[in-house]
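Asker: The structure follows.
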Amino acid sequence: MTDATDAVDSLLEVLDLRDAGARTTEDIFTGVSQPSPFGRVFGGQVLAQSIVAASRTLPSERAVHSMHGYFLRPGDPSGAITFSVDRIHDGRSFSTRRTQAFQAGVPIFSMIASFQDEDLGVEHAEAMPTGLPQPEDVTPFDTDALHPLTRRMFSDHPIEVRHVPSPVYTSVEEPHVPRQAVWMRTRGALPDDPAVHRAALAYLSDLTIQETILRGHGVPWSTPGLRVASLDHAMWWHRPGRVDEWVLYVQESPNARGGRGLSTGRIYTREGTLLASVAQEIMVRVPSE
């Protein structure tokens, strides 16, 4: 099997939650984590799993359209995660679910999400920015000079990423502005199930959105002593789309202060259809020189 196939299979495995068979006042599911060189669970993973857990308590035609969540504690990738889903409300068109992810008996992530049946209504969308290069015209990040373990981290990742104008892993291209665009897709085909693509979109929504703050201040990820952590996350799904095809994640940071920064993003199909909007507040602590 190729690295790309292994990486996508790993993503599908973590999204395939197990029904624990336990019933209290809530629905209980369990899941595993992808290996992590940083020793903590990737936030986008537990976010996507929480969406899957909540979706399991609803008919397939009632799809998630919004979520608001808080990252409470770092997760341990070597341990299982338990997801408890509270069926807060079921209406004629909308349902609300609260999902909490636990490890060692304490919550690591807490989320409330809303689901809706497909409905008709007024429609408009912010247009995708023009003048950006296509993903084939963006040179992938060169990992040859990296340490083998670091290089493996890139090859094992299920999402292929191409930055516009360039990555901020080891240096930040000038001018230092708090905005960027990133082409993304899974490194292999996903099943046709729309629920899988909604969860995968949540997974990638936590990728790179922190970088608008770093880019604006010329701070690369490799800065010694740099500390970055997602604090909360909000997402709105607008339209269905495939995540195994290129999507454009347009990101900007309107504010940073007091060790925190706010980033927002919009995710488009290659053809310009707006799929989702995202907002996240991030802890950013840059060491003094």
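Labels for the structure tokens follow display order: chains A, B, ..., residues from 1 in each chain, ligands from 1.
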Leaving out stretch 29-35 of chain A and any residue of its chain fewer than 2 positions from it, which residues lie within 9 Å of it when counting only C-alpha atoms, given as a PyMOL selection string?

Answerer: chain A and resi 10-11+13-22+27+37-42+45-46+49+53+76-85

Asker: For A:Gly44, please output as a PyMOL selection string all residues within 10 Å (counting only C-alpha atoms; exclusion window: fewer than 4 positions along the same chain).

Answerer: chain A and resi 48-50+199-207+230+233

Asker: I need the residues in stretch 65-243 of chain A that are strand (DSSP E or B) according to DSSP; give them as a VMD selection string.

Answerer: chain A and resid 65 to 71 81 to 90 94 to 103 106 to 117 159 to 164 179 to 186 227 to 237

Asker: Between atom CA of A:Gln103 and atom CA of A:Asp232, what is the distance in Å, rounded to a tenth?

Answerer: 18.5 Å

Asker: For A:Pro167, which of A:Ala181, A:Ile282, A:Met111, A:Leu190 is the closest residue, counting only C-alpha atoms?

Answerer: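 Counting only C-alpha atoms, the residue closest to A:Pro167 is A:Ala181.
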
Asker: Can you work out which one of A:Gly259, A:Ser93, A:Leu72, A:Val278 has the shortest atom-to-atom distance to A:Val106, counting only C-alpha atoms?

Answerer: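 The answer is A:Leu72, which sits nearest to A:Val106.
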
Asker: Could you state the separation of atom CA of A:Gln280 and atom CA of A:Leu214 in Å, given to one decimal place?

Answerer: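 Going from atom CA of A:Gln280 over to atom CA of A:Leu214 covers 14.1 Å.
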
Asker: Can you tell me which residues surround stretch 115-132 of chain A at a distance of at most 6 Å, considering only C-alpha atoms, apart from same-chain residues fewer than 3 positions away, and format the answer as a list in words?

Answerer: Glu61, Arg62, Ala63, Val64, His65, Ser93, Phe94, Ser95 and Gly272 of chain A

Asker: Please write the residues from the selection above to a file, keeping C-alpha atoms, as a CSV table (one decimal), in the first residue's frame.

Answerer:
```
chain,number,residue,atom,x,y,z
A,61,GLU,CA,-31.1,13.3,5.8
A,62,ARG,CA,-30.8,15.6,8.8
A,63,ALA,CA,-27.3,17.0,8.3
A,64,VAL,CA,-25.0,19.2,10.4
A,65,HIS,CA,-25.1,22.9,9.5
A,93,SER,CA,-36.7,20.6,10.8
A,94,PHE,CA,-33.9,21.1,13.3
A,95,SER,CA,-32.1,19.0,15.9
A,272,GLY,CA,-16.0,28.7,-6.6
```
